[in-house]
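Here's the structure we're looking at; comments come further down.
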Amino acid sequence: MLRLAETLAPLGDVVRFNFPYRDQGSGRPDPMPVLKRTIEEAVRRARIDLQPKQIFLGGRSMGGRAASMLAAEGFACDGLLLFAYPLHPAGQPEKLRDAHLAKIRVPVLCFNGTRDALCTRELMEAAVSGLANWTVCWLEAADHSFRVLKSSGRTEAQVYEAIGAVSSRWLSERA
């Protein structure tokens, strides 16, 4: 998350926060209602403290999933930036987490690695096919943590440069 925040910081205010389970030192994630309430509270504080012209929800993995569920429920935002969206549990591609995706009405920019065990390309492309508001960017050779194998010829720096460049173009189109 730190690397993502650093990559996105030149594009505008980036607000980071912890979910309660992280603050408590637990490895077990909070239930989805707690995750969503935590995001809502972070947005409420950002609106007061920063008074932004636009709010883009986002997150990595489970945090992005929670943000996407809020957007699908109509939570007021201008778009979503999702990183390593967990479309299915590792090794369980039959358990798709896509039921709410078509309900999202704001623009979505989603980054996933081509080696992500939680989001196979074929399944993600099928899940968002026909959804005009979705842009999926595939990070070649990256895994769920956006790490790349040395044998790929790519570096993590190149992965984050791509995230920054694509995000900058995408956000400028929505300014």
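A note on labels: chains of the structure tokens are A, B, ... as shown, every chain counts residues from 1, and ligands are counted from 1 in their shown order.
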Sorted by chain and rising residue number, list the residues of region 30-149 of chain A at most 12 Å from region 9-12 of chain A (counting only C-alpha atoms), each with its closest atom pair and distance in Å to one decimal, as JSON lines.
```
{"residue": "A:Leu50", "atom": "CA", "partner": "A:Gly12", "partner_atom": "CA", "distance": 10.8}
{"residue": "A:Pro52", "atom": "CA", "partner": "A:Gly12", "partner_atom": "CA", "distance": 9.3}
{"residue": "A:Lys53", "atom": "CA", "partner": "A:Gly12", "partner_atom": "CA", "distance": 10.5}
{"residue": "A:Gln54", "atom": "CA", "partner": "A:Gly12", "partner_atom": "CA", "distance": 9.9}
{"residue": "A:Ile55", "atom": "CA", "partner": "A:Gly12", "partner_atom": "CA", "distance": 10.2}
{"residue": "A:Phe56", "atom": "CA", "partner": "A:Gly12", "partner_atom": "CA", "distance": 10.3}
```
Using only C-alpha atoms, determine which residues lie at most 10 Å from region 85-101 of chain A, disregarding the query and same-chain residues fewer than 6 positions distant; provide the list as a PDB file with C-alpha atoms, in the first residue's frame.
```pdb
ATOM      1  CA  GLY A  59      -8.038  -0.232  -2.402  1.00  0.00           C
ATOM      2  CA  ARG A  60      -5.911  -3.273  -2.845  1.00  0.00           C
ATOM      3  CA  SER A  61      -7.401  -6.747  -2.762  1.00  0.00           C
ATOM      4  CA  MET A  62     -10.034  -7.017  -0.004  1.00  0.00           C
ATOM      5  CA  GLY A  63     -10.085  -3.229   0.491  1.00  0.00           C
ATOM      6  CA  GLY A  64     -10.824  -2.758  -3.200  1.00  0.00           C
ATOM      7  CA  ARG A  65     -13.536  -5.373  -3.037  1.00  0.00           C
ATOM      8  CA  SER A  68     -16.476  -1.819  -5.065  1.00  0.00           C
ATOM      9  CA  MET A  69     -19.349  -3.188  -2.980  1.00  0.00           C
ATOM     10  CA  LEU A  70     -19.985   0.290  -1.568  1.00  0.00           C
ATOM     11  CA  ALA A  71     -20.028   1.770  -5.064  1.00  0.00           C
ATOM     12  CA  ALA A  72     -22.428  -0.960  -6.208  1.00  0.00           C
ATOM     13  CA  GLU A  73     -24.737   0.067  -3.360  1.00  0.00           C
ATOM     14  CA  VAL A 108     -13.652   1.750 -12.718  1.00  0.00           C
ATOM     15  CA  CYS A 110      -8.748  -2.087 -12.173  1.00  0.00           C
ATOM     16  CA  PHE A 111      -5.149  -3.355 -12.116  1.00  0.00           C
ATOM     17  CA  ASN A 112      -4.388  -7.048 -11.848  1.00  0.00           C
ATOM     18  CA  GLY A 113      -1.244  -9.064 -12.432  1.00  0.00           C
ATOM     19  CA  ASP A 116      -2.491 -13.280  -9.770  1.00  0.00           C
ATOM     20  CA  ALA A 117      -3.800 -16.471  -8.131  1.00  0.00           C
ATOM     21  CA  LEU A 118      -6.916 -14.566  -6.990  1.00  0.00           C
ATOM     22  CA  CYS A 119      -7.917 -13.174 -10.380  1.00  0.00           C
ATOM     23  CA  THR A 120      -7.441 -15.141 -13.550  1.00  0.00           C
ATOM     24  CA  ARG A 121      -7.503 -13.034 -16.665  1.00  0.00           C
ATOM     25  CA  LEU A 123     -12.541 -15.020 -15.649  1.00  0.00           C
ATOM     26  CA  MET A 124     -12.090 -11.294 -14.993  1.00  0.00           C
ATOM     27  CA  ALA A 127     -16.989 -10.879 -15.546  1.00  0.00           C
ATOM     28  CA  VAL A 128     -16.629  -7.336 -16.898  1.00  0.00           C
ATOM     29  CA  LEU A 131     -19.528  -3.239 -18.772  1.00  0.00           C
ATOM     30  CA  TRP A 134     -14.743  -0.817 -16.590  1.00  0.00           C
ATOM     31  CA  HIS A 144      -1.284 -10.558  -6.409  1.00  0.00           C
TER      32      HIS A 144
END
```
Item to complete: List every residue of region 31-84 of chain A that DSSP, applied to the backbone of this structure, places in alpha helix (DSSP H), and write the result as an NGL selection string.
Response: :A and (32-50 or 62-72)
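DSSP, applied to the backbone of this structure, assigns strand (DSSP E or B) to the following residues of region 22-136 of chain A: Phe56, Leu57, Gly58, Gly59, Arg60, Gly79, Leu80, Leu81, Leu82, Phe83, Val108, Leu109, Cys110, Phe111, Asn112, Gly113, Trp134, Thr135 and Val136 of chain A.
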Spatial neighbours of Met1 (chain A), max dist 10 Å, only C-alpha atoms, sep filter under 4 positions, as a compact mmCIF listing (two decimals) with all heavy atoms, in the first residue's frame:
```txt
# COMPACT_ATOMS: atom_id res chain seq x y z
N ALA A 5 0.52 4.17 -2.69
CA ALA A 5 0.26 5.55 -2.26
C ALA A 5 1.32 6.49 -2.82
O ALA A 5 1.00 7.59 -3.29
CB ALA A 5 0.20 5.63 -0.75
N GLU A 6 2.58 6.09 -2.78
CA GLU A 6 3.66 6.91 -3.33
C GLU A 6 3.49 7.10 -4.84
O GLU A 6 3.72 8.18 -5.37
CB GLU A 6 5.01 6.26 -3.04
CG GLU A 6 5.41 6.31 -1.59
CD GLU A 6 6.64 5.47 -1.29
OE1 GLU A 6 7.24 4.87 -2.23
OE2 GLU A 6 7.01 5.39 -0.10
N THR A 7 3.07 6.05 -5.53
CA THR A 7 2.88 6.10 -6.97
C THR A 7 1.75 7.05 -7.35
O THR A 7 1.84 7.79 -8.32
CB THR A 7 2.60 4.68 -7.52
OG1 THR A 7 3.73 3.85 -7.24
CG2 THR A 7 2.32 4.69 -9.01
N ARG A 16 -4.81 7.13 3.23
CA ARG A 16 -4.61 5.74 3.66
C ARG A 16 -5.17 5.58 5.07
O ARG A 16 -5.17 6.52 5.86
CB ARG A 16 -3.13 5.40 3.68
CG ARG A 16 -2.51 5.33 2.30
CD ARG A 16 -1.02 5.01 2.31
NE ARG A 16 -0.62 4.08 3.35
CZ ARG A 16 0.18 4.41 4.39
NH1 ARG A 16 0.64 5.63 4.51
NH2 ARG A 16 0.50 3.51 5.28
N PHE A 17 -5.63 4.38 5.36
CA PHE A 17 -6.15 4.08 6.69
C PHE A 17 -6.06 2.59 6.90
O PHE A 17 -5.89 1.82 5.95
CB PHE A 17 -7.61 4.55 6.83
CG PHE A 17 -8.53 3.91 5.83
CD1 PHE A 17 -9.17 2.71 6.12
CD2 PHE A 17 -8.75 4.49 4.59
CE1 PHE A 17 -10.00 2.11 5.19
CE2 PHE A 17 -9.58 3.90 3.65
CZ PHE A 17 -10.21 2.70 3.95
N GLY A 59 -8.68 0.64 -3.35
CA GLY A 59 -8.04 -0.23 -2.40
C GLY A 59 -7.39 -1.40 -3.11
O GLY A 59 -7.60 -1.62 -4.30
N ARG A 60 -6.59 -2.10 -2.32
CA ARG A 60 -5.91 -3.27 -2.84
C ARG A 60 -6.57 -4.52 -2.28
O ARG A 60 -6.88 -4.58 -1.09
CB ARG A 60 -4.43 -3.26 -2.46
CG ARG A 60 -3.60 -4.21 -3.29
CD ARG A 60 -2.20 -4.40 -2.78
NE ARG A 60 -2.12 -5.37 -1.71
CZ ARG A 60 -2.34 -6.68 -1.86
NH1 ARG A 60 -2.68 -7.17 -3.02
NH2 ARG A 60 -2.23 -7.49 -0.83
N PHE A 83 -6.96 -2.34 -7.09
CA PHE A 83 -5.64 -2.94 -7.28
C PHE A 83 -5.68 -4.37 -6.77
O PHE A 83 -6.02 -4.61 -5.61
CB PHE A 83 -4.58 -2.13 -6.54
CG PHE A 83 -4.54 -0.69 -6.97
CD1 PHE A 83 -5.28 0.26 -6.29
CD2 PHE A 83 -3.82 -0.30 -8.08
CE1 PHE A 83 -5.28 1.59 -6.70
CE2 PHE A 83 -3.81 1.02 -8.51
CZ PHE A 83 -4.55 1.97 -7.81
N SER A 145 0.59 -9.45 -5.31
CA SER A 145 1.28 -8.36 -4.60
C SER A 145 2.04 -7.47 -5.56
O SER A 145 2.84 -6.63 -5.12
CB SER A 145 2.22 -8.94 -3.54
OG SER A 145 1.49 -9.65 -2.58
```
Discussion item. So, with only C-alpha atoms as the atoms that count, which of A:Leu2, A:Arg169, A:Arg115, A:Arg45 lies closest to Val148 (chain A)?
Written reply: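 Comparing A:Leu2, A:Arg169, A:Arg115, A:Arg45 against Val148 (chain A), the winner is A:Arg115.
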Fill in: Residue among A:Ile163, A:Val14, A:Ala141, A:Ile104 lying closest to Gly74 (chain A), counting only C-alpha atoms
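With only C-alpha atoms as the atom set, the closest residue is A:Ile104.
Here CA of Cys77 (chain A) and CA of Trp170 (chain A) stand 15.5 Å from one another.
Here the question is which of A:Glu40, A:Val106, A:Ala142, A:Ser172 gets nearest to Leu80 (chain A) using only C-alpha atoms, and that residue is A:Val106.
In terms of minimum interatomic distance to Pro107 (chain A), A:Leu57 ranks closest within A:Leu149, A:Val159, A:Ala42, A:Leu57, counting only C-alpha atoms.
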Fill in: Atomic separation - CA of Arg3 (chain A) relative to CA of Asp143 (chain A), Å
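We find that CA of Asp143 (chain A) and CA of Arg3 (chain A) lie 15.1 Å from each other.
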Worksheet, complete the sentence: CA of Val166 (chain A) sits from CA of Lys36 (chain A) at a separation of 26.6 Å
